[in-house]
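Containing TSV, C-alpha atoms: work-v2.tsv.
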```tsv
chain	number	residue	atom	x	y	z
K	1	MET	CA	11.60	2.97	-60.30
K	2	ARG	CA	8.43	4.15	-58.65
K	3	PRO	CA	6.72	7.13	-60.34
K	4	THR	CA	6.69	8.97	-57.00
K	5	ALA	CA	10.45	8.69	-56.48
K	6	ALA	CA	12.02	12.06	-55.77
K	7	ARG	CA	15.51	13.10	-56.78
K	8	ARG	CA	17.84	13.54	-53.83
K	9	ASP	CA	21.27	15.12	-53.69
K	10	LEU	CA	23.01	12.45	-51.65
K	11	SER	CA	26.37	12.80	-53.41
K	12	GLY	CA	28.09	14.53	-50.50
K	13	GLU	CA	26.94	11.98	-47.95
K	14	VAL	CA	27.73	8.90	-50.00
K	15	TRP	CA	31.14	10.13	-51.15
K	16	GLU	CA	32.09	10.98	-47.57
K	17	PHE	CA	31.07	7.48	-46.49
K	18	THR	CA	33.04	5.87	-49.32
K	19	ARG	CA	36.23	7.84	-48.79
K	20	SER	CA	36.25	7.48	-45.00
K	21	GLU	CA	34.86	3.98	-44.46
K	22	VAL	CA	35.26	2.02	-47.69
K	23	VAL	CA	38.39	3.07	-49.59
K	24	PRO	CA	40.78	2.57	-46.62
K	25	GLU	CA	39.41	-0.95	-45.97
K	26	ALA	CA	38.70	-2.35	-49.42
K	27	ASP	CA	42.05	-4.04	-49.99
K	28	LYS	CA	41.80	-5.77	-46.60
K	29	TRP	CA	38.30	-6.98	-47.43
K	30	ASP	CA	39.62	-8.34	-50.72
K	31	ARG	CA	42.40	-10.27	-48.95
K	32	GLN	CA	39.98	-11.61	-46.35
K	33	GLN	CA	37.42	-12.40	-49.10
K	34	ALA	CA	34.62	-10.93	-47.03
K	35	VAL	CA	32.80	-7.63	-46.76
K	36	PRO	CA	32.28	-7.17	-43.02
K	37	ARG	CA	28.81	-7.01	-41.57
K	38	GLU	CA	29.63	-3.53	-40.30
K	39	ALA	CA	30.07	-2.23	-43.86
K	40	VAL	CA	26.67	-3.55	-44.93
K	41	ALA	CA	25.21	-2.13	-41.72
K	42	GLY	CA	26.70	1.22	-42.73
K	43	LEU	CA	24.67	1.14	-45.94
K	44	ALA	CA	21.57	0.18	-43.98
K	45	ALA	CA	22.02	2.91	-41.36
K	46	ARG	CA	21.97	5.57	-44.07
K	47	GLY	CA	18.86	4.17	-45.72
K	48	TRP	CA	20.65	2.97	-48.84
K	49	LEU	CA	19.54	-0.64	-48.59
K	50	GLY	CA	16.01	0.75	-48.92
K	51	ALA	CA	16.92	2.78	-51.99
K	52	LEU	CA	14.23	1.18	-54.17
K	53	ILE	CA	11.63	0.59	-51.47
K	54	ALA	CA	8.65	2.89	-50.99
K	55	PRO	CA	8.47	5.13	-47.91
K	56	GLU	CA	5.37	3.34	-46.60
K	57	TYR	CA	7.63	0.33	-46.04
K	58	GLY	CA	10.46	2.38	-44.57
K	59	GLY	CA	12.44	2.84	-47.78
K	60	SER	CA	14.06	5.83	-49.48
K	61	ALA	CA	12.39	5.47	-52.91
K	62	LEU	CA	15.34	6.97	-54.76
K	63	ASP	CA	14.91	7.96	-58.36
K	64	ALA	CA	17.14	6.27	-60.94
K	65	VAL	CA	19.61	9.15	-61.24
K	66	SER	CA	20.16	9.27	-57.48
K	67	PHE	CA	20.46	5.48	-57.42
K	68	ALA	CA	23.19	5.74	-60.05
K	69	THR	CA	25.04	8.30	-57.93
K	70	LEU	CA	24.86	5.95	-54.94
K	71	ASN	CA	26.26	3.03	-56.91
K	72	GLU	CA	29.00	5.07	-58.53
K	73	ALA	CA	30.29	6.24	-55.18
K	74	ILE	CA	30.19	2.81	-53.55
K	75	GLY	CA	31.75	1.29	-56.70
K	76	TYR	CA	34.60	3.79	-56.40
K	77	GLY	CA	35.58	2.26	-53.10
K	78	CYS	CA	34.72	-1.42	-53.41
K	79	SER	CA	32.99	-3.39	-56.14
K	80	SER	CA	32.21	-6.19	-53.69
K	81	LEU	CA	30.25	-3.90	-51.37
K	82	ARG	CA	28.52	-2.36	-54.37
K	83	SER	CA	27.60	-5.87	-55.53
K	84	VAL	CA	25.82	-6.48	-52.24
K	85	LEU	CA	23.85	-3.27	-52.73
K	86	THR	CA	23.05	-4.35	-56.29
K	87	VAL	CA	21.57	-7.77	-55.53
K	88	HIS	CA	19.73	-6.52	-52.46
K	89	SER	CA	18.18	-3.76	-54.56
K	90	MET	CA	17.19	-6.26	-57.25
K	91	VAL	CA	15.37	-8.41	-54.71
K	92	SER	CA	13.72	-5.32	-53.20
K	93	GLN	CA	12.54	-4.17	-56.62
K	94	ALA	CA	11.15	-7.60	-57.48
K	95	ILE	CA	9.17	-7.84	-54.26
K	96	SER	CA	7.95	-4.26	-54.55
K	97	ARG	CA	6.67	-4.77	-58.06
K	98	TRP	CA	5.57	-8.39	-58.24
K	99	ALA	CA	4.93	-9.85	-54.78
K	100	SER	CA	1.54	-10.04	-53.10
K	101	PRO	CA	0.52	-7.29	-50.64
K	102	ALA	CA	1.06	-9.69	-47.73
K	103	VAL	CA	4.58	-10.57	-48.85
K	104	ARG	CA	5.42	-6.89	-49.43
K	105	ALA	CA	4.18	-6.05	-45.94
K	106	GLU	CA	6.24	-8.88	-44.45
K	107	TRP	CA	9.55	-8.44	-46.23
K	108	LEU	CA	9.96	-4.85	-47.46
K	109	PRO	CA	10.26	-3.21	-44.01
K	110	LEU	CA	12.94	-5.75	-43.08
K	111	LEU	CA	14.83	-5.23	-46.33
K	112	ALA	CA	14.55	-1.45	-46.09
K	113	THR	CA	16.26	-1.33	-42.70
K	114	GLY	CA	18.80	-4.01	-43.47
K	115	GLU	CA	17.45	-6.27	-40.77
K	116	ARG	CA	17.24	-8.75	-43.63
K	117	VAL	CA	19.46	-8.72	-46.73
K	118	GLY	CA	18.39	-10.30	-50.02
K	119	ALA	CA	20.31	-12.13	-52.75
K	120	PHE	CA	19.39	-12.89	-56.37
K	121	ALA	CA	19.56	-16.59	-57.31
K	122	LEU	CA	19.16	-17.08	-61.06
K	123	THR	CA	22.49	-18.46	-62.33
K	124	GLU	CA	23.09	-22.20	-62.48
K	125	PRO	CA	26.01	-24.35	-63.67
K	126	GLU	CA	24.29	-24.72	-67.07
K	127	ALA	CA	22.20	-21.51	-67.08
K	128	GLY	CA	24.12	-18.27	-67.38
K	129	SER	CA	23.52	-15.91	-70.27
K	130	ASP	CA	20.85	-18.31	-71.52
K	131	ALA	CA	18.64	-18.01	-68.44
K	132	ASP	CA	15.85	-19.95	-70.11
K	133	GLN	CA	17.89	-23.09	-69.42
K	134	VAL	CA	17.06	-22.96	-65.70
K	135	ALA	CA	16.91	-26.55	-64.48
K	136	THR	CA	15.94	-26.02	-60.84
K	137	THR	CA	12.41	-27.35	-60.37
K	138	ALA	CA	9.48	-26.34	-58.18
K	139	VAL	CA	6.89	-29.04	-57.56
K	140	VAL	CA	3.43	-27.97	-56.40
K	141	ILE	CA	2.36	-29.54	-53.10
K	142	PRO	CA	-0.85	-28.92	-51.13
K	143	ASP	CA	0.54	-26.05	-49.04
K	144	GLY	CA	3.28	-24.69	-51.27
K	145	TYR	CA	6.23	-25.84	-53.36
K	146	LEU	CA	9.26	-28.12	-53.15
K	147	LEU	CA	12.34	-26.69	-54.87
K	148	THR	CA	15.22	-28.85	-56.08
K	149	GLY	CA	18.33	-27.73	-57.92
K	150	ILE	CA	21.63	-25.85	-57.71
K	151	LYS	CA	22.27	-22.11	-57.96
K	152	HIS	CA	25.83	-20.94	-58.57
K	153	TRP	CA	27.84	-17.70	-58.19
K	154	ILE	CA	25.28	-16.15	-55.85
K	155	THR	CA	26.51	-12.77	-54.62
K	156	TYR	CA	26.33	-12.43	-50.83
K	157	GLY	CA	25.00	-15.97	-50.72
K	158	GLN	CA	27.11	-16.78	-47.68
K	159	ARG	CA	25.18	-14.31	-45.53
K	160	ALA	CA	21.93	-13.32	-47.24
K	161	ASP	CA	18.76	-13.84	-45.23
K	162	VAL	CA	16.44	-14.46	-48.17
K	163	PHE	CA	16.97	-15.55	-51.77
K	164	LEU	CA	14.93	-14.78	-54.86
K	165	VAL	CA	15.18	-18.21	-56.49
K	166	PHE	CA	14.13	-18.95	-60.07
K	167	ALA	CA	12.82	-22.45	-60.73
K	168	ARG	CA	10.83	-24.27	-63.39
K	169	CYS	CA	7.28	-24.88	-62.16
K	170	GLN	CA	4.90	-26.72	-64.50
K	171	ASP	CA	7.69	-26.26	-67.05
K	172	LYS	CA	7.49	-22.47	-66.72
K	173	VAL	CA	10.25	-20.44	-65.05
K	174	SER	CA	8.86	-18.84	-61.91
K	175	ALA	CA	10.27	-16.85	-58.97
K	176	PHE	CA	10.16	-17.80	-55.30
K	177	LEU	CA	11.29	-16.21	-52.06
K	178	VAL	CA	13.36	-18.70	-50.08
K	179	PRO	CA	14.41	-17.73	-46.53
K	180	ARG	CA	17.86	-18.86	-45.50
K	181	ASP	CA	16.51	-21.14	-42.78
K	182	SER	CA	14.26	-23.07	-45.17
K	183	THR	CA	14.38	-26.85	-44.76
K	184	GLY	CA	16.26	-28.44	-47.63
K	185	LEU	CA	18.50	-25.43	-48.41
K	186	THR	CA	22.29	-25.78	-48.05
K	187	VAL	CA	24.66	-22.86	-48.63
K	188	VAL	CA	28.21	-23.68	-49.78
K	189	PRO	CA	30.78	-20.84	-49.83
K	190	ILE	CA	32.71	-20.10	-53.04
K	191	THR	CA	36.19	-18.64	-52.54
K	192	GLY	CA	39.13	-17.71	-54.73
K	193	ALA	CA	37.17	-16.00	-57.49
K	194	LEU	CA	39.09	-13.74	-59.86
K	195	GLY	CA	37.35	-10.56	-58.75
K	196	THR	CA	34.80	-9.16	-56.28
K	197	ARG	CA	36.35	-11.62	-53.84
K	198	ALA	CA	34.78	-9.95	-50.84
K	199	ALA	CA	31.22	-10.36	-52.16
K	200	LEU	CA	30.80	-13.64	-50.25
K	201	LEU	CA	29.82	-15.77	-53.23
K	202	ALA	CA	28.04	-19.05	-52.60
K	203	GLU	CA	26.40	-22.04	-54.19
K	204	LEU	CA	22.85	-22.84	-53.13
K	205	ARG	CA	21.85	-26.48	-53.04
K	206	LEU	CA	18.12	-27.07	-52.82
K	207	ARG	CA	16.78	-30.54	-52.18
K	208	ASP	CA	13.04	-30.74	-51.66
K	209	CYS	CA	13.31	-27.26	-50.18
K	210	ALA	CA	9.85	-26.44	-48.86
K	211	VAL	CA	8.39	-22.95	-49.24
K	212	PRO	CA	4.77	-21.85	-48.64
K	213	ALA	CA	2.37	-20.93	-51.43
K	214	GLU	CA	2.83	-17.21	-50.78
K	215	ALA	CA	6.54	-17.56	-51.61
K	216	LEU	CA	5.65	-17.36	-55.32
K	217	VAL	CA	6.55	-13.89	-56.62
K	218	GLY	CA	4.25	-12.94	-59.46
K	219	ARG	CA	2.47	-15.77	-61.27
K	220	ILE	CA	3.72	-19.14	-62.43
K	221	GLY	CA	5.62	-18.49	-65.65
K	222	PHE	CA	6.38	-14.84	-64.81
K	223	GLY	CA	9.92	-15.66	-63.63
K	224	LEU	CA	11.96	-14.58	-66.64
K	225	THR	CA	9.65	-12.40	-68.71
K	226	ALA	CA	8.61	-10.20	-65.80
K	227	VAL	CA	10.35	-10.69	-62.46
K	228	ALA	CA	13.90	-11.38	-63.62
K	229	THR	CA	13.78	-8.97	-66.56
K	230	SER	CA	12.80	-5.95	-64.49
K	231	ALA	CA	15.17	-6.84	-61.64
K	232	LEU	CA	18.06	-7.34	-64.04
K	233	GLU	CA	17.48	-3.89	-65.52
K	234	VAL	CA	17.96	-2.46	-62.03
K	235	GLY	CA	21.08	-4.59	-61.64
K	236	ARG	CA	22.43	-3.54	-65.01
K	237	HIS	CA	22.07	0.16	-64.19
K	238	SER	CA	23.64	-0.45	-60.78
K	239	VAL	CA	26.63	-2.29	-62.25
K	240	ALA	CA	27.09	0.33	-64.98
K	241	SER	CA	27.18	3.11	-62.41
K	242	GLY	CA	29.52	1.10	-60.21
K	243	CYS	CA	31.84	0.73	-63.21
K	244	VAL	CA	31.97	4.51	-63.53
K	245	GLY	CA	33.13	4.69	-59.92
K	246	LEU	CA	35.72	1.96	-60.51
K	247	ALA	CA	37.07	3.75	-63.58
K	248	GLN	CA	37.17	7.05	-61.70
K	249	PHE	CA	39.23	5.41	-58.95
K	250	CYS	CA	41.64	4.12	-61.59
K	251	LEU	CA	41.96	7.60	-63.08
K	252	ASP	CA	42.60	9.20	-59.69
K	253	LEU	CA	45.15	6.51	-58.80
K	254	ALA	CA	46.93	6.92	-62.14
K	255	VAL	CA	47.11	10.71	-61.94
K	256	THR	CA	48.51	10.64	-58.41
K	257	HIS	CA	51.14	8.06	-59.28
K	258	THR	CA	52.25	9.50	-62.62
K	259	LYS	CA	52.77	12.97	-61.13
K	260	ARG	CA	54.98	11.53	-58.40
K	261	ARG	CA	56.87	8.78	-60.23
K	262	LYS	CA	59.95	9.94	-62.18
K	263	GLN	CA	61.68	8.12	-65.01
K	264	PHE	CA	64.24	9.43	-67.50
K	265	GLY	CA	64.58	12.64	-65.53
K	266	LYS	CA	60.95	13.73	-65.34
K	267	PRO	CA	57.55	12.68	-63.95
K	268	ILE	CA	56.06	9.96	-66.12
K	269	ALA	CA	52.95	12.14	-66.42
K	270	GLU	CA	55.01	14.20	-68.88
K	271	HIS	CA	55.64	11.23	-71.19
K	272	GLN	CA	53.28	11.30	-74.15
K	273	LEU	CA	52.23	7.66	-74.10
K	274	VAL	CA	51.34	7.95	-70.43
K	275	GLN	CA	49.38	11.10	-71.25
K	276	ARG	CA	47.47	9.09	-73.84
K	277	MET	CA	46.39	6.62	-71.16
K	278	ILE	CA	45.30	9.41	-68.81
K	279	THR	CA	43.36	11.04	-71.64
K	280	ASP	CA	41.59	7.81	-72.52
K	281	MET	CA	40.68	7.18	-68.88
K	282	ALA	CA	39.34	10.69	-68.32
K	283	THR	CA	37.32	10.68	-71.54
K	284	GLY	CA	35.95	7.20	-70.88
K	285	VAL	CA	34.89	8.03	-67.32
K	286	THR	CA	33.15	11.20	-68.43
K	287	ALA	CA	31.31	9.49	-71.27
K	288	ALA	CA	30.29	6.51	-69.14
K	289	ARG	CA	28.94	8.78	-66.43
K	290	LEU	CA	26.85	10.68	-68.95
K	291	LEU	CA	25.48	7.43	-70.40
K	292	CYS	CA	24.48	6.24	-66.92
K	293	ARG	CA	22.82	9.55	-66.14
K	294	HIS	CA	20.99	9.50	-69.46
K	295	ALA	CA	19.76	5.96	-68.77
K	296	GLY	CA	18.60	7.06	-65.33
K	297	GLU	CA	16.70	10.02	-66.70
K	298	LEU	CA	14.93	7.82	-69.25
K	299	ARG	CA	14.12	5.24	-66.56
K	300	ASP	CA	12.63	7.95	-64.36
K	301	ARG	CA	10.44	9.11	-67.25
K	302	HIS	CA	9.47	5.53	-68.13
K	303	ASP	CA	10.71	6.34	-71.63
K	304	GLN	CA	10.65	3.52	-74.17
K	305	GLY	CA	14.34	4.16	-74.83
K	306	ALA	CA	15.33	3.35	-71.25
K	307	LEU	CA	15.94	-0.32	-71.97
K	308	ALA	CA	18.49	0.24	-74.72
K	309	ALA	CA	20.06	3.19	-72.89
K	310	THR	CA	20.65	1.01	-69.83
K	311	TRP	CA	22.20	-1.75	-71.92
K	312	MET	CA	24.45	0.77	-73.68
K	313	ALA	CA	25.49	2.37	-70.39
K	314	LYS	CA	26.46	-0.99	-68.90
K	315	TYR	CA	28.26	-2.08	-72.08
K	316	PHE	CA	30.32	1.10	-72.38
K	317	ALA	CA	30.95	1.56	-68.65
K	318	SER	CA	32.14	-2.00	-68.09
K	319	ARG	CA	34.51	-1.85	-71.04
K	320	THR	CA	35.76	1.55	-69.87
K	321	ALA	CA	36.34	0.17	-66.38
K	322	PHE	CA	38.41	-2.73	-67.69
K	323	ARG	CA	40.50	-0.56	-70.02
K	324	SER	CA	41.08	1.95	-67.23
K	325	ALA	CA	42.05	-0.78	-64.80
K	326	SER	CA	44.45	-2.29	-67.33
K	327	ASP	CA	46.07	1.10	-67.89
K	328	VAL	CA	46.39	1.90	-64.19
K	329	VAL	CA	48.24	-1.39	-63.69
K	330	GLN	CA	50.44	-0.51	-66.66
K	331	VAL	CA	51.46	2.90	-65.35
K	332	HIS	CA	52.29	1.38	-61.96
K	333	GLY	CA	54.42	-1.32	-63.53
K	334	ALA	CA	55.45	-4.23	-61.32
K	335	ALA	CA	54.14	-2.46	-58.21
K	336	GLY	CA	50.65	-2.48	-59.65
K	337	CYS	CA	50.80	-6.26	-60.00
K	338	ALA	CA	51.76	-6.86	-56.37
K	339	SER	CA	49.34	-8.54	-53.98
K	340	GLY	CA	47.48	-5.94	-51.96
K	341	HIS	CA	47.97	-3.10	-54.43
K	342	PRO	CA	44.65	-1.47	-55.34
K	343	ALA	CA	45.52	-1.40	-59.06
K	344	GLN	CA	45.51	-5.19	-59.39
K	345	ARG	CA	42.27	-5.40	-57.40
K	346	MET	CA	40.69	-2.92	-59.80
K	347	LEU	CA	41.77	-5.03	-62.77
K	348	ARG	CA	40.34	-8.24	-61.30
K	349	ASP	CA	37.08	-6.58	-60.30
K	350	ALA	CA	36.74	-4.81	-63.64
K	351	LYS	CA	36.98	-8.10	-65.55
K	352	ILE	CA	33.99	-9.39	-63.57
K	353	MET	CA	32.00	-6.33	-64.64
K	354	GLU	CA	32.33	-7.40	-68.29
K	355	ILE	CA	30.66	-10.70	-67.43
K	356	ILE	CA	27.87	-10.05	-64.92
K	357	GLU	CA	24.44	-8.55	-65.69
K	358	GLY	CA	24.91	-9.30	-69.38
K	359	SER	CA	28.30	-10.25	-70.82
K	360	THR	CA	29.96	-7.90	-73.31
K	361	GLU	CA	29.14	-10.26	-76.17
K	362	ILE	CA	25.47	-10.65	-75.20
K	363	GLN	CA	25.19	-6.88	-74.90
K	364	GLN	CA	26.69	-6.37	-78.35
K	365	THR	CA	24.06	-8.69	-79.78
K	366	ILE	CA	21.12	-7.17	-77.90
K	367	ILE	CA	22.07	-3.55	-78.53
K	368	ALA	CA	22.49	-4.18	-82.23
K	369	GLN	CA	19.11	-5.91	-82.40
K	370	ILE	CA	17.40	-3.04	-80.58
K	371	TYR	CA	19.12	-0.44	-82.72
K	372	CYS	CA	18.24	-2.15	-85.96
K	373	GLN	CA	14.61	-2.51	-84.91
K	374	ASN	CA	14.11	1.03	-83.67
K	375	VAL	CA	16.81	3.69	-83.88
K	376	LYS	CA	14.68	6.24	-82.05
K	377	GLY	CA	14.29	3.90	-79.08
K	378	VAL	CA	18.03	3.91	-78.39
K	379	ALA	CA	18.35	7.58	-77.55
K	380	GLY	CA	14.82	8.31	-76.44
K	381	ASP	CA	12.47	10.91	-77.89
K	382	ARG	CA	14.63	13.60	-79.54
K	383	ARG	CA	11.79	16.02	-80.05
```
So that I can check it, write out the structure of this file as structure tokens.
Amino acid sequence: MRPTAARRDLSGEVWEFTRSEVVPEADKWDRQQAVPREAVAGLAARGWLGALIAPEYGGSALDAVSFATLNEAIGYGCSSLRSVLTVHSMVSQAISRWASPAVRAEWLPLLATGERVGAFALTEPEAGSDADQVATTAVVIPDGYLLTGIKHWITYGQRADVFLVFARCQDKVSAFLVPRDSTGLTVVPITGALGTRAALLAELRLRDCAVPAEALVGRIGFGLTAVATSALEVGRHSVASGCVGLAQFCLDLAVTHTKRRKQFGKPIAEHQLVQRMITDMATGVTAARLLCRHAGELRDRHDQGALAATWMAKYFASRTAFRSASDVVQVHGAAGCASGHPAQRMLRDAKIMEIIEGSTEIQQTIIAQIYCQNVKGVAGDRR
């Protein structure tokens, strides 16, 4: 986040947008496996696609706590739409921090207004959690680079206007901006995914894809250690906050249903084992929200504990989201398993949250390593 970012109370605006324009449509988007352009345009019209872009480029420059609020609310309604916001924000952050002044001047105003939407292209068939195994190559030519390789599971890849592609140049992973209309780039839709089905996933096939010299973001070799690392931290905080929204939706859905549904002569909300599930959901949502806010506050202060706090927030929030989604299906019974019911969509989407932006197992390893190295760094300065 930029040091000049100012906290904004946008909770009323974003929750109104989610409840009126996202929640009623999300199941239809899931069935159609596509977030409509109008929904993304709705984010753009309110300035949210420019959340991490400086005002001089037309952005909102939200602080991390406000950014978390935005993602929680959108995640409440639709994880697929929130995923689009996530990857677009990651690309925006990477360009803002690492691109040349000329590239920032060219792309950031377009990304801020939503005239162009960005997607993050790191994952490959053989490079997931171990991103250092990137096999896509970038060959230096007199006026730029030729990229060759395959990128998989690219969120919003079917429609994005520009991709932040990571490729091995001179045997060092580097980052490049690749416009959709670049010669040598083919986009292949991916459908039928378990969750976030409306996020318009795609595979990118690059074959001698030509980009100019200025397409390099940062320096050669900065791809993972700088560009991807900082962008992924933004993505991790975004996903964590979105998980809070997803879990909150599950809680609200469960409470409404259990108060209305009667079995054995009384509302199932009065049965103790159902009350246990409601209690676990409510406690988990509250704790996850506090962890996300804490991570945001540390990020805004550039505190050394922000890294671990963000990992912990994503770890706890994603697990909370999946447990809450599992329980909301359980309390709905067979109805919650039916096609088109929001409970089963929540469960499918929540499972994806335990995989993206650091799988649960990777997070367990990283958090333990950070904690063992520096306990103080986990919680920030307690003085």
Worksheet item: Counting only C-alpha atoms, which of K:Ser241, K:Ala198, K:Gly296, K:Asp130 gets nearest to Leu224 of chain K?
Response: K:Asp130
Worksheet item: Near His332 of chain K, within 8 Å and counting only C-alpha atoms, which residues show up once chain neighbours fewer than 6 positions away are dropped, as number ranges by chain?
Response: K: 254, 257, 343
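Across K:Val274, K:Leu10, K:Val134, K:Cys372, the tightest approach to Trp48 of chain K is made by K:Leu10 when counting only C-alpha atoms.
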Fill in: Interatomic distance (Å, one decimal) between atom CA of Lys351 of chain K and atom CA of Gly114 of chain K
28.9 Å
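Proximity ranking of K:Thr183, K:Ser100, K:Thr18, K:Ser230 relative to Arg207 of chain K places K:Thr183 first, based on all atoms listed in the file.
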